[in-house]
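Colleague: Got model.cif for you, mmCIF, C-alpha atoms:
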data_upload
loop_
_atom_site.label_atom_id
_atom_site.label_comp_id
_atom_site.auth_asym_id
_atom_site.auth_seq_id
_atom_site.Cartn_x
_atom_site.Cartn_y
_atom_site.Cartn_z
CA MET A 129 -21.88 3.59 4.45
CA LEU A 130 -19.03 3.27 1.96
CA ILE A 131 -15.45 4.31 2.75
CA ILE A 132 -13.04 4.44 -0.20
CA GLU A 133 -9.43 4.63 0.96
CA LEU A 134 -7.72 5.98 -2.16
CA ASN A 135 -4.23 6.02 -0.75
CA GLU A 136 -2.16 9.24 -1.06
CA PHE A 137 -3.84 10.70 -4.14
CA ASP A 138 -3.19 14.38 -4.79
CA PRO A 139 -6.51 16.24 -5.34
CA ASP A 140 -4.94 19.19 -7.16
CA TYR A 141 -3.35 16.88 -9.72
CA PHE A 142 -6.56 14.85 -10.03
CA LYS A 143 -8.58 17.99 -10.74
CA LYS A 144 -6.30 18.90 -13.61
CA VAL A 145 -5.99 15.50 -15.27
CA SER A 146 -9.68 14.63 -14.82
CA LYS A 147 -10.52 17.50 -17.16
CA GLU A 148 -7.69 16.66 -19.56
CA LEU A 149 -8.63 12.96 -19.78
CA ASN A 150 -12.39 13.47 -19.35
CA LEU A 151 -12.52 11.37 -16.18
CA GLU A 152 -16.17 11.96 -15.34
CA HIS A 153 -16.30 9.75 -12.24
CA ILE A 154 -13.18 11.28 -10.68
CA GLU A 155 -14.72 14.71 -11.29
CA LYS A 156 -17.67 13.62 -9.12
CA ILE A 157 -15.29 13.43 -6.16
CA PHE A 158 -14.82 17.19 -6.23
CA LYS A 159 -18.57 17.84 -6.07
CA LEU A 160 -18.62 16.31 -2.58
CA LYS A 161 -17.98 18.20 0.65
CA HIS A 162 -14.35 18.48 1.68
CA THR A 163 -12.33 18.41 4.91
CA ASN A 164 -8.57 18.73 5.34
CA THR A 165 -6.76 16.17 7.49
CA PHE A 166 -3.45 16.48 9.30
CA THR A 167 -0.89 14.54 11.29
CA ASP A 168 1.92 15.67 13.60
CA GLU A 169 4.45 13.24 12.10
CA LYS A 170 6.98 15.00 9.87
CA GLU A 171 9.49 12.39 8.69
CA GLU A 172 8.97 9.61 6.19
CA HIS A 173 9.75 6.12 7.51
CA GLN A 174 9.36 7.46 11.05
CA GLY A 175 5.59 7.97 11.16
CA LEU A 176 4.73 10.01 8.08
CA ASP A 177 3.82 6.86 6.19
CA PRO A 178 0.57 5.24 5.06
CA TRP A 179 1.14 2.07 7.15
CA VAL A 180 1.22 4.36 10.20
CA GLN A 181 -1.51 6.85 9.30
CA TRP A 182 -4.07 4.23 8.29
CA VAL A 183 -3.55 2.57 11.67
CA SER A 184 -4.44 5.93 13.25
CA ILE A 185 -7.53 6.27 11.05
CA HIS A 186 -8.70 2.71 11.72
CA SER A 187 -8.00 2.74 15.46
CA GLY A 188 -8.72 6.33 16.52
CA LYS A 189 -5.26 6.54 18.09
CA PRO A 190 -2.46 8.92 17.06
CA PHE A 191 0.94 7.44 16.30
CA LYS A 192 2.32 8.39 19.73
CA GLN A 193 -0.34 6.13 21.28
CA HIS A 194 -0.50 3.14 18.93
CA SER A 195 3.30 3.10 18.23
CA ILE A 196 2.89 1.03 15.06
CA CYS A 197 5.74 2.22 12.84
CA ARG A 198 6.32 -0.63 10.40
CA LEU A 199 4.32 -2.40 7.73
CA SER A 200 2.96 -5.88 8.58
CA GLU A 201 2.76 -5.15 12.32
CA THR A 202 -0.77 -6.43 12.81
CA LYS A 203 -0.15 -8.78 15.75
CA LYS A 204 0.85 -5.84 17.94
CA GLN A 205 -2.50 -4.10 17.42
CA ASN A 206 -4.55 -5.32 20.36
CA PHE A 207 -7.06 -2.46 20.12
CA LYS A 208 -10.37 -2.25 18.28
CA GLN A 209 -10.39 -1.30 14.63
CA ILE A 210 -13.30 0.75 13.35
CA TRP A 211 -14.98 -2.34 11.83
CA ASN A 212 -14.79 -4.11 15.20
CA LEU A 213 -16.55 -1.19 16.86
CA VAL A 214 -19.20 -0.90 14.15
CA GLY A 215 -19.65 -4.68 14.01
CA GLU A 216 -20.80 -4.69 17.63
CA ASN A 217 -23.82 -2.63 16.57
CA LYS A 218 -26.58 -5.08 15.66
CA ASN A 219 -27.74 -2.75 12.89
CA TYR A 220 -24.51 -3.18 10.96
CA SER A 221 -22.71 -5.85 8.97
CA CYS A 222 -19.22 -5.11 7.67
CA GLY A 223 -17.28 -5.75 4.49
CA VAL A 224 -13.57 -4.87 4.58
CA TRP A 225 -11.17 -5.21 1.64
CA GLY A 226 -7.44 -4.53 1.37
CA VAL A 227 -7.05 -2.32 4.47
CA MET A 228 -3.41 -1.45 5.07
CA ASN A 229 -1.50 -2.84 8.06
CA ALA A 230 -4.69 -3.85 9.86
CA PRO A 231 -5.82 -6.93 11.79
CA ARG A 232 -9.31 -8.34 11.37
CA GLY A 233 -9.78 -8.59 15.13
CA ASN A 234 -12.95 -10.37 16.29
CA ASN A 235 -15.43 -11.54 13.68
CA LYS A 236 -18.51 -9.92 15.15
CA GLY A 237 -20.52 -8.33 12.36
CA ILE A 238 -17.81 -8.97 9.74
CA LYS A 239 -19.05 -10.80 6.66
CA PHE A 240 -15.86 -10.59 4.63
CA PHE A 241 -12.33 -9.36 5.28
CA VAL A 242 -9.25 -9.17 3.03
CA PRO A 243 -5.94 -7.84 4.44
CA ASP A 244 -3.31 -6.06 2.38
CA PRO A 245 -0.70 -8.36 0.75
CA TRP A 246 2.01 -7.28 3.25
CA SER A 247 0.04 -8.25 6.36
CA PHE A 248 1.43 -11.77 6.29
CA ASP A 249 -0.05 -12.81 9.65
CA GLU A 250 -3.63 -12.03 8.61
CA ILE A 251 -6.04 -14.53 7.06
CA ALA A 252 -8.85 -13.54 4.74
CA MET A 253 -12.45 -14.56 5.33
CA PRO A 254 -14.27 -16.36 3.83
CA SER A 255 -11.27 -18.66 3.48
CA ASN A 256 -11.46 -18.98 -0.32
CA LEU A 257 -10.34 -15.32 -0.55
CA ASN A 258 -6.87 -16.47 0.52
CA LYS A 259 -6.49 -17.94 -2.98
CA PHE A 260 -7.00 -14.46 -4.39
CA LEU A 261 -4.25 -13.19 -2.08
CA SER A 262 -1.77 -15.95 -2.89
CA LEU A 263 -0.04 -14.36 -5.88
CA PRO A 264 -0.04 -10.75 -4.59
CA ARG A 265 1.47 -11.96 -1.31
CA TYR A 266 4.18 -13.94 -3.06
CA MET A 267 5.09 -11.00 -5.29
CA ALA A 268 5.05 -8.60 -2.34
CA LYS A 269 7.90 -10.61 -0.85
CA ASN A 270 9.74 -11.52 -4.04
CA TYR A 271 9.02 -9.10 -6.84
CA LEU A 272 12.73 -8.59 -7.72
CA SER A 273 13.69 -12.23 -7.20
CA ALA A 274 10.66 -14.35 -8.03
CA ASN A 275 11.19 -18.07 -8.55
CA PHE A 276 9.44 -19.16 -11.74
CA PHE A 277 8.01 -22.39 -10.32
CA GLN A 278 6.76 -20.74 -7.13
CA PHE A 279 5.34 -17.86 -9.17
CA PHE A 280 3.54 -20.38 -11.39
CA LYS A 281 2.19 -22.25 -8.35
CA GLU A 282 0.79 -19.09 -6.74
CA SER A 283 -0.58 -17.92 -10.09
CA LEU A 284 -2.53 -21.17 -10.40
CA LYS A 285 -4.16 -20.56 -7.01
CA MET A 286 -5.25 -17.07 -8.01
CA ALA A 287 -6.40 -18.29 -11.43
CA ALA A 288 -8.48 -21.00 -9.74
CA PHE A 289 -10.17 -18.35 -7.58
CA ILE A 290 -10.91 -16.18 -10.63
CA PHE A 291 -12.30 -19.18 -12.55
CA GLN A 292 -14.44 -20.32 -9.61
CA ASN A 293 -15.81 -16.81 -9.12
CA ARG A 294 -16.38 -15.79 -12.73
CA GLY A 295 -19.65 -14.41 -13.99
CA ASN A 296 -21.62 -11.17 -13.70
CA GLY A 297 -19.41 -9.63 -16.37
CA LYS A 298 -16.27 -9.67 -14.21
CA THR A 299 -14.18 -11.71 -16.63
CA ARG A 300 -15.15 -9.56 -19.60
CA LYS A 301 -14.41 -6.32 -17.73
CA PHE A 302 -11.06 -7.58 -16.49
CA LEU A 303 -9.92 -8.88 -19.88
CA LYS A 304 -10.93 -5.60 -21.52
CA ASN A 305 -8.77 -3.62 -19.11
CA LEU A 306 -5.96 -6.18 -19.27
CA PHE A 307 -5.78 -5.62 -23.03
CA ARG A 308 -6.08 -1.85 -22.58
CA GLY A 309 -3.27 -1.92 -20.02
CA PHE A 310 -0.94 -3.81 -22.35
CA LEU A 311 -1.60 -1.25 -25.09
CA ILE A 312 -1.13 1.82 -22.86
CA SER A 313 1.53 0.88 -20.30
CA GLY A 314 2.86 -2.51 -21.40
CA ILE A 315 3.36 -5.82 -19.60
CA ASN A 316 5.00 -4.99 -16.26
CA VAL A 317 4.49 -5.02 -12.50
CA HIS A 318 2.97 -1.52 -12.54
CA THR A 319 0.23 -2.51 -15.00
CA PHE A 320 -0.59 -5.59 -12.94
CA SER A 321 -0.66 -3.71 -9.62
CA THR A 322 -3.18 -1.29 -11.15
CA LEU A 323 -5.25 -4.17 -12.49
CA LEU A 324 -5.16 -5.82 -9.05
CA ASP A 325 -7.06 -2.84 -7.63
CA PHE A 326 -9.58 -3.12 -10.48
CA LEU A 327 -10.06 -6.84 -9.88
CA SER A 328 -10.35 -6.24 -6.13
CA THR A 329 -13.12 -3.73 -6.75
CA LEU A 330 -15.09 -6.21 -8.85
CA TYR A 331 -15.02 -8.82 -6.07
CA PHE A 332 -15.61 -6.24 -3.34
CA ILE A 333 -18.79 -5.01 -5.01
CA GLU A 334 -19.98 -8.57 -5.58
CA LEU A 335 -19.42 -9.54 -1.93
CA LYS A 336 -20.98 -6.29 -0.73
CA LYS A 337 -24.12 -7.21 -2.65
CA LYS A 338 -24.02 -10.91 -1.73
CA PHE A 339 -23.79 -10.31 2.03
CA ASN A 340 -25.86 -7.11 1.97
CA THR A 341 -23.25 -5.36 4.12
CA ASN A 342 -24.02 -1.77 5.08
CA PHE A 343 -20.61 -0.72 6.43
CA ASN A 344 -17.99 -1.19 3.73
CA ILE A 345 -14.32 -0.20 3.35
CA ILE A 346 -12.06 -0.74 0.34
CA PHE A 347 -8.38 0.26 0.21
CA LEU A 348 -6.81 1.10 -3.17
CA ASN A 349 -3.06 1.61 -3.58
CA HIS A 350 -2.29 1.87 -7.30
CA ILE A 351 -2.37 5.69 -7.50
CA ALA A 352 0.07 6.04 -4.56
CA HIS A 353 2.40 3.55 -6.21
CA ILE A 354 2.33 5.37 -9.56
CA GLN A 355 2.73 8.84 -8.04
CA HIS A 356 5.88 7.65 -6.27
CA GLN A 357 7.49 6.60 -9.57
CA PHE A 358 5.77 8.12 -12.62
CA TRP A 359 4.41 11.53 -11.64
CA ASN A 360 5.20 14.34 -14.05
CA GLU A 361 4.95 18.12 -13.82
CA PRO A 362 1.43 19.46 -14.49
CA ASP A 363 2.49 21.14 -17.75
CA LYS A 364 4.16 18.00 -19.14
CA GLU A 365 2.77 14.90 -20.80
CA ILE A 366 1.11 12.35 -18.54
CA THR A 367 3.30 9.24 -18.31
CA LYS A 368 1.92 5.99 -19.70
CA HIS A 369 1.70 4.32 -16.27
CA MET A 370 -0.04 7.32 -14.76
CA LYS A 371 -2.49 7.53 -17.66
CA PHE A 372 -3.50 3.89 -17.31
CA GLY A 373 -3.74 4.22 -13.53
CA LEU A 374 -6.00 7.26 -13.83
CA LEU A 375 -8.26 5.61 -16.40
CA ILE A 376 -8.66 2.56 -14.17
CA CYS A 377 -9.15 4.74 -11.09
CA ASN A 378 -11.93 6.59 -12.90
CA GLU A 379 -13.64 3.30 -13.73
CA ILE A 380 -13.23 2.04 -10.15
CA ILE A 381 -14.78 5.20 -8.67
CA GLY A 382 -17.66 4.89 -11.13
CA MET A 383 -18.32 1.27 -10.14
CA LEU A 384 -18.10 1.97 -6.42
CA MET A 385 -20.40 4.99 -6.55
CA GLY A 386 -22.76 3.01 -8.77
CA SER A 387 -22.96 0.28 -6.12
CA MET A 388 -24.28 2.69 -3.47
CA ASN A 389 -27.83 3.10 -2.26
CA LYS A 390 -29.48 6.47 -2.80
CA ASN A 391 -28.99 7.75 0.77
CA GLU A 392 -25.80 5.87 1.58
CA LYS A 393 -23.04 7.84 3.30
CA LEU A 394 -19.70 8.15 1.55
CA MET A 395 -16.12 9.03 2.50
CA ILE A 396 -13.17 9.12 0.10
CA ILE A 397 -9.96 9.44 2.14
CA ASN A 398 -6.32 9.61 1.04
CA GLY A 399 -4.71 9.28 4.51
CA ILE A 400 -1.91 11.63 3.48
CA ARG A 401 -1.11 13.39 0.22
CA GLN A 402 2.05 13.20 -1.83
CA LYS A 403 3.99 16.15 -3.21
CA LEU A 404 5.88 16.19 -6.50
CA VAL A 405 9.64 15.65 -5.97
CA LYS A 406 10.69 14.60 -9.47
CA ASP A 407 13.75 16.87 -9.60
CA TYR A 408 14.87 16.40 -5.98
CA GLY A 409 17.36 13.63 -6.86
CA LEU A 410 15.79 10.98 -4.61
CA TYR A 411 16.55 7.40 -5.62
CA ILE A 412 15.15 4.07 -4.41
CA TYR A 413 17.45 1.01 -4.26
CA ARG A 414 16.73 -2.60 -3.45
CA GLN A 415 18.65 -5.89 -3.46
CA LYS A 416 18.22 -7.96 -6.61
CA SER A 417 17.72 -10.97 -4.37
CA PRO A 418 17.39 -10.11 -0.67
CA ILE A 419 17.82 -13.73 0.39
CA ALA A 420 21.01 -14.17 -1.65
CA PHE A 421 22.29 -10.75 -0.53
CA PHE A 422 21.97 -11.48 3.18
CA LYS A 423 23.41 -14.98 2.75
CA LEU A 424 26.46 -13.49 0.99
CA PHE A 425 27.16 -11.27 4.00
CA GLY A 426 26.60 -14.02 6.55
CA VAL A 427 23.21 -13.02 7.91
CA LYS A 428 21.60 -16.20 9.29
CA SER A 429 17.91 -15.34 9.12
CA ILE A 430 15.23 -17.98 8.78
CA GLU A 431 12.97 -15.75 6.69
CA THR A 432 13.05 -12.45 4.83
CA GLU A 433 9.81 -10.50 4.54
CA GLN A 434 10.16 -7.74 1.97
CA ASN A 435 8.00 -4.71 2.39
CA MET A 436 6.66 -2.33 -0.22
CA THR A 437 9.74 -0.57 -1.52
CA ASN A 438 13.28 -0.86 -0.13
CA ASP A 439 12.82 -2.29 3.33
CA GLY A 440 11.79 -5.46 5.08
CA ILE A 441 11.96 -7.61 8.17
CA LEU A 442 14.46 -10.37 8.94
CA LEU A 443 13.27 -13.18 11.21
CA PHE A 444 15.63 -15.29 13.34
CA ASN A 445 15.25 -18.47 15.38
CA ASN A 446 17.29 -17.08 18.29
CA SER A 447 18.51 -13.78 19.71
CA GLY A 448 22.17 -14.64 19.10
CA SER A 449 21.65 -14.81 15.34
CA MET A 450 19.69 -11.56 15.50
CA ILE A 451 22.46 -9.72 17.38
CA ALA A 452 25.09 -11.02 14.95
CA ALA A 453 22.99 -9.89 11.99
CA GLU A 454 22.55 -6.43 13.49
CA GLY A 455 26.32 -6.10 13.69
CA ILE A 456 26.77 -7.21 10.09
CA LEU A 457 24.16 -4.83 8.67
CA ASN A 458 25.62 -1.91 10.59
CA ASN A 459 29.02 -2.52 9.01
CA ILE A 460 28.20 -2.59 5.31
CA TYR A 461 29.38 0.65 3.65
CA LEU A 462 29.77 2.46 0.36
CA LYS A 463 33.39 2.75 -0.73
CA SER A 464 33.08 6.32 -2.04
CA ASN A 465 31.98 8.06 1.16
CA LYS A 466 31.90 5.33 3.87
CA GLU A 467 28.12 5.78 4.17
CA LYS A 468 26.23 2.90 5.82
CA ILE A 469 23.96 1.15 3.36
CA PHE A 470 21.27 0.18 5.88
CA TYR A 471 19.17 1.80 8.55
CA VAL A 472 18.67 -0.97 11.11
CA GLU A 473 16.10 -1.21 13.90
CA VAL A 474 15.68 -4.12 16.32
CA LEU A 475 11.97 -4.85 16.70
CA ASP A 476 12.32 -7.64 19.28
CA ASP A 477 14.71 -10.48 20.10
CA ARG A 478 13.84 -12.34 16.90
CA ARG A 479 13.17 -9.59 14.34
CA ILE A 480 15.14 -6.81 12.66
CA PHE A 481 13.72 -4.08 10.45
CA TYR A 482 16.09 -2.95 7.70
CA GLN A 483 15.86 -0.21 5.09
CA PHE A 484 18.21 1.13 2.48
CA ASN A 485 19.79 4.27 3.86
CA ILE A 486 21.01 5.41 0.42
CA LYS A 487 18.81 7.96 -1.35
CA HIS A 488 21.25 9.77 -3.69
CA LYS A 489 22.47 8.76 -7.13
CA ILE A 490 24.94 5.88 -7.18
CA TYR A 491 27.45 5.72 -10.03
CA SER A 492 28.37 2.60 -11.98
CA ASP A 493 31.81 2.16 -10.39
CA GLU A 494 30.55 2.23 -6.78
CA MET A 495 31.70 -0.57 -4.48
CA ILE A 496 30.34 -2.05 -1.26
CA LEU A 497 32.80 -2.61 1.60
CA PHE A 498 32.48 -5.25 4.31
CA ASN A 499 35.26 -6.80 6.42
CA ASN A 500 37.98 -5.76 3.94
CA LYS A 501 36.01 -7.30 1.07
CA ARG A 502 34.69 -5.38 -1.94
CA PHE A 503 31.60 -6.02 -4.03
CA LYS A 504 30.33 -4.16 -7.07
CA PHE A 505 27.24 -2.24 -5.97
CA PHE A 506 25.15 -2.95 -9.07
CA ASP A 507 26.05 -6.63 -9.09
CA LEU A 508 23.91 -6.96 -5.96
CA ILE A 509 21.52 -4.02 -6.02
CA ASP A 510 19.10 -2.44 -8.50
CA CYS A 511 17.88 1.12 -8.71
CA ILE A 512 14.08 0.82 -8.65
CA CYS A 513 13.42 4.42 -9.66
CA GLN A 514 14.12 8.07 -9.21
CA ARG A 515 11.33 9.07 -6.89
CA THR A 516 8.63 11.45 -8.14
CA GLY A 517 6.31 11.65 -5.12
CA SER A 518 6.86 11.86 -1.35
CA HIS A 519 4.57 12.04 1.68
CA ILE A 520 3.35 15.25 3.29
CA GLN A 521 1.43 15.87 6.53
CA GLU A 522 -1.79 17.04 4.89
CA GLY A 523 -4.58 14.84 3.61
CA ASP A 524 -8.18 15.04 2.46
CA ILE A 525 -11.68 13.67 2.98
CA PHE A 526 -14.38 14.08 0.34
CA TYR A 527 -17.75 13.05 1.68
CA LYS A 528 -21.52 13.15 1.84
CA GLY A 529 -23.86 12.28 4.71
CA PHE A 530 -21.45 13.31 7.47
CA LYS A 531 -20.90 16.47 9.48
CA LEU A 532 -17.18 17.23 9.66
CA PRO A 533 -15.17 20.31 10.65
CA ASP A 534 -12.93 22.03 8.14
CA LYS A 535 -9.81 20.34 9.51
CA ILE A 536 -9.22 17.28 11.70
CA TYR A 537 -6.39 14.97 12.69
CA ASN A 538 -6.26 11.59 10.95
CA HIS A 539 -7.02 9.68 14.14
CA GLU A 540 -10.16 11.78 14.70
CA ILE A 541 -11.77 10.34 11.56
CA TYR A 542 -12.53 7.24 13.65
CA ASN A 543 -14.80 9.22 15.96
CA TYR A 544 -16.83 10.74 13.14
CA ILE A 545 -17.31 7.36 11.47
CA SER A 546 -18.28 5.62 14.70
CA GLY A 547 -20.52 8.52 15.70
CA SER A 548 -22.43 8.26 12.44
CA THR A 549 -23.30 4.59 13.09
CA THR A 550 -25.63 5.45 15.96
CA ASN A 551 -28.44 5.10 13.45
CA LYS A 552 -28.50 2.58 10.66
CA SER A 553 -27.34 3.99 7.28
#
For the structure just supplied, provide its representation as structure tokens.

Modeller:
Amino acid sequence: MLIIELNEFDPDYFKKVSKELNLEHIEKIFKLKHTNTFTDEKEEHQGLDPWVQWVSIHSGKPFKQHSICRLSETKKQNFKQIWNLVGENKNYSCGVWGVMNAPRGNNKGIKFFVPDPWSFDEIAMPSNLNKFLSLPRYMAKNYLSANFFQFFKESLKMAAFIFQNRGNGKTRKFLKNLFRGFLISGINVHTFSTLLDFLSTLYFIELKKKFNTNFNIIFLNHIAHIQHQFWNEPDKEITKHMKFGLLICNEIIGMLMGSMNKNEKLMIINGIRQKLVKDYGLYIYRQKSPIAFFKLFGVKSIETEQNMTNDGILLFNNSGSMIAAEGILNNIYLKSNKEKIFYVEVLDDRRIFYQFNIKHKIYSDEMILFNNKRFKFFDLIDCICQRTGSHIQEGDIFYKGFKLPDKIYNHEIYNYISGSTTNKS
């Protein structure tokens, strides 16, 4: 059984561009059977998010039961994930790569496991896979304020992993797409995040073959990332980042389908779709240096864990520092309309979740107010993008080898996967 978690992709858009760009492997997706998925959550950042919905899919629990609302909350998940349940069946061995916001749990039946780069508490197995994660994890925390020497150090770890695990054409394939990426979309974080999914697929397929695992999951995030920032109207030219992402996605799907046995079951799941919001005027902002920003305002955290876009978690060594920080963050405003900059949520007595509360366009003369002090907004904060894609409640499963109804809730996917492992596949 192979489960491809192609996060948030929009099937209608894929159908159109697969014909336009001759993406033969993506077109194969639409020859599979199809089921619509759904969730009751309606608001982004309050449940209608991939780090929530994938927890539901992996655990079989709706959001109102599992209550996992934030990225990197793996320690709180004390329930079985689908690979833990399947791994208890002696007929199955499991390979799991990149799953979002998910703990490994017990090791029974698991031959390899790689968490997503934001699940900082999780450790990959076998242990050498942590070298592969070293650079993505560092950049996940610091991609707007990376330290050159630390970046170089983490890059060396990842390079050592790639060198030690070269062969079988992986290096040639990666370098070919690296060169193609530079030509199409340039040298930037978006090109590298797309190539990370490609490289992950190469190692996933190799490990799948090496350990002869027969229950396999791979999570891919590059399409979701690109749709959020570079999605254009169907009648307009495909952006360079989207084009490269689609070409790589097509190659990934081809490799994954090519790695399957003749009668192997397949699910391709997006968790939730995105809708096009290019002209809605939604903007994403983030501190240039979160650590320097919080220090400037007197927040005494011991660590800052940045999440995927414009939020993160502050960690404190005592509750007093946490309470003081909560008060500070709740009193930082825009000068123009006295709007609070941050949404703040206390997670426990040592952790605060923060997120930029500003979604509209900010003009160049905007100021930040705090305790009768003024700061130029764009001295401290960057605009990441004007958003082009946002989450919706509907999702999709394309599949073969399963029996599914026309429509199911996300958390019900768990039951259909586990039910199909009664017999070895």

Colleague: Convert the output of the PyMOL selection byres ((chain A and resi 371) around 12) on the shown file into explicit residues, formatted as a ChimeraX atom specification.

Modeller: /A:142,145-146,148-151,308-309,311-314,318-319,322,350-351,354-355,358-360,365-370,372-378

Colleague: Work out how far atom CA of Ile132 of chain A is from atom CA of Lys393 of chain A, in Å to one decimal.

Modeller: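 These two atoms are separated by 11.1 Å.
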
Colleague: From the options A:Trp225, A:Ile397, A:Lys336, A:Ile480, which residue's atoms come nearest to Ile541 of chain A, counting all atoms listed in the file?

Modeller: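 For Ile541 of chain A, the nearest of the given residues is A:Ile397.
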
Colleague: Pick from A:Thr437, A:Asn270, A:Asn316, A:Asn229: nearest to Phe484 of chain A, with all atoms listed in the file counted?

Modeller: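 Going through A:Thr437, A:Asn270, A:Asn316, A:Asn229 one by one, the smallest distance to Phe484 of chain A is for A:Thr437.
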
Colleague: Which distance in Å separates atom CA of Phe166 of chain A and atom CA of Leu348 of chain A, to one decimal?

Modeller: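 We find that atom CA of Phe166 of chain A and atom CA of Leu348 of chain A lie 20.1 Å from each other.
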
Colleague: So what does the PyMOL selection byres ((chain A and resi 199) around 8) actually pick up in this one, as a tab-separated table (two decimals) with C-alpha atoms, in the frame of the given file?

Modeller:
chain	number	residue	atom	x	y	z
A	179	TRP	CA	1.14	2.07	7.15
A	180	VAL	CA	1.22	4.36	10.20
A	197	CYS	CA	5.74	2.22	12.84
A	198	ARG	CA	6.32	-0.63	10.40
A	200	SER	CA	2.96	-5.88	8.58
A	201	GLU	CA	2.76	-5.15	12.32
A	229	ASN	CA	-1.50	-2.84	8.06
A	246	TRP	CA	2.01	-7.28	3.25
A	247	SER	CA	0.04	-8.25	6.36
A	435	ASN	CA	8.00	-4.71	2.39
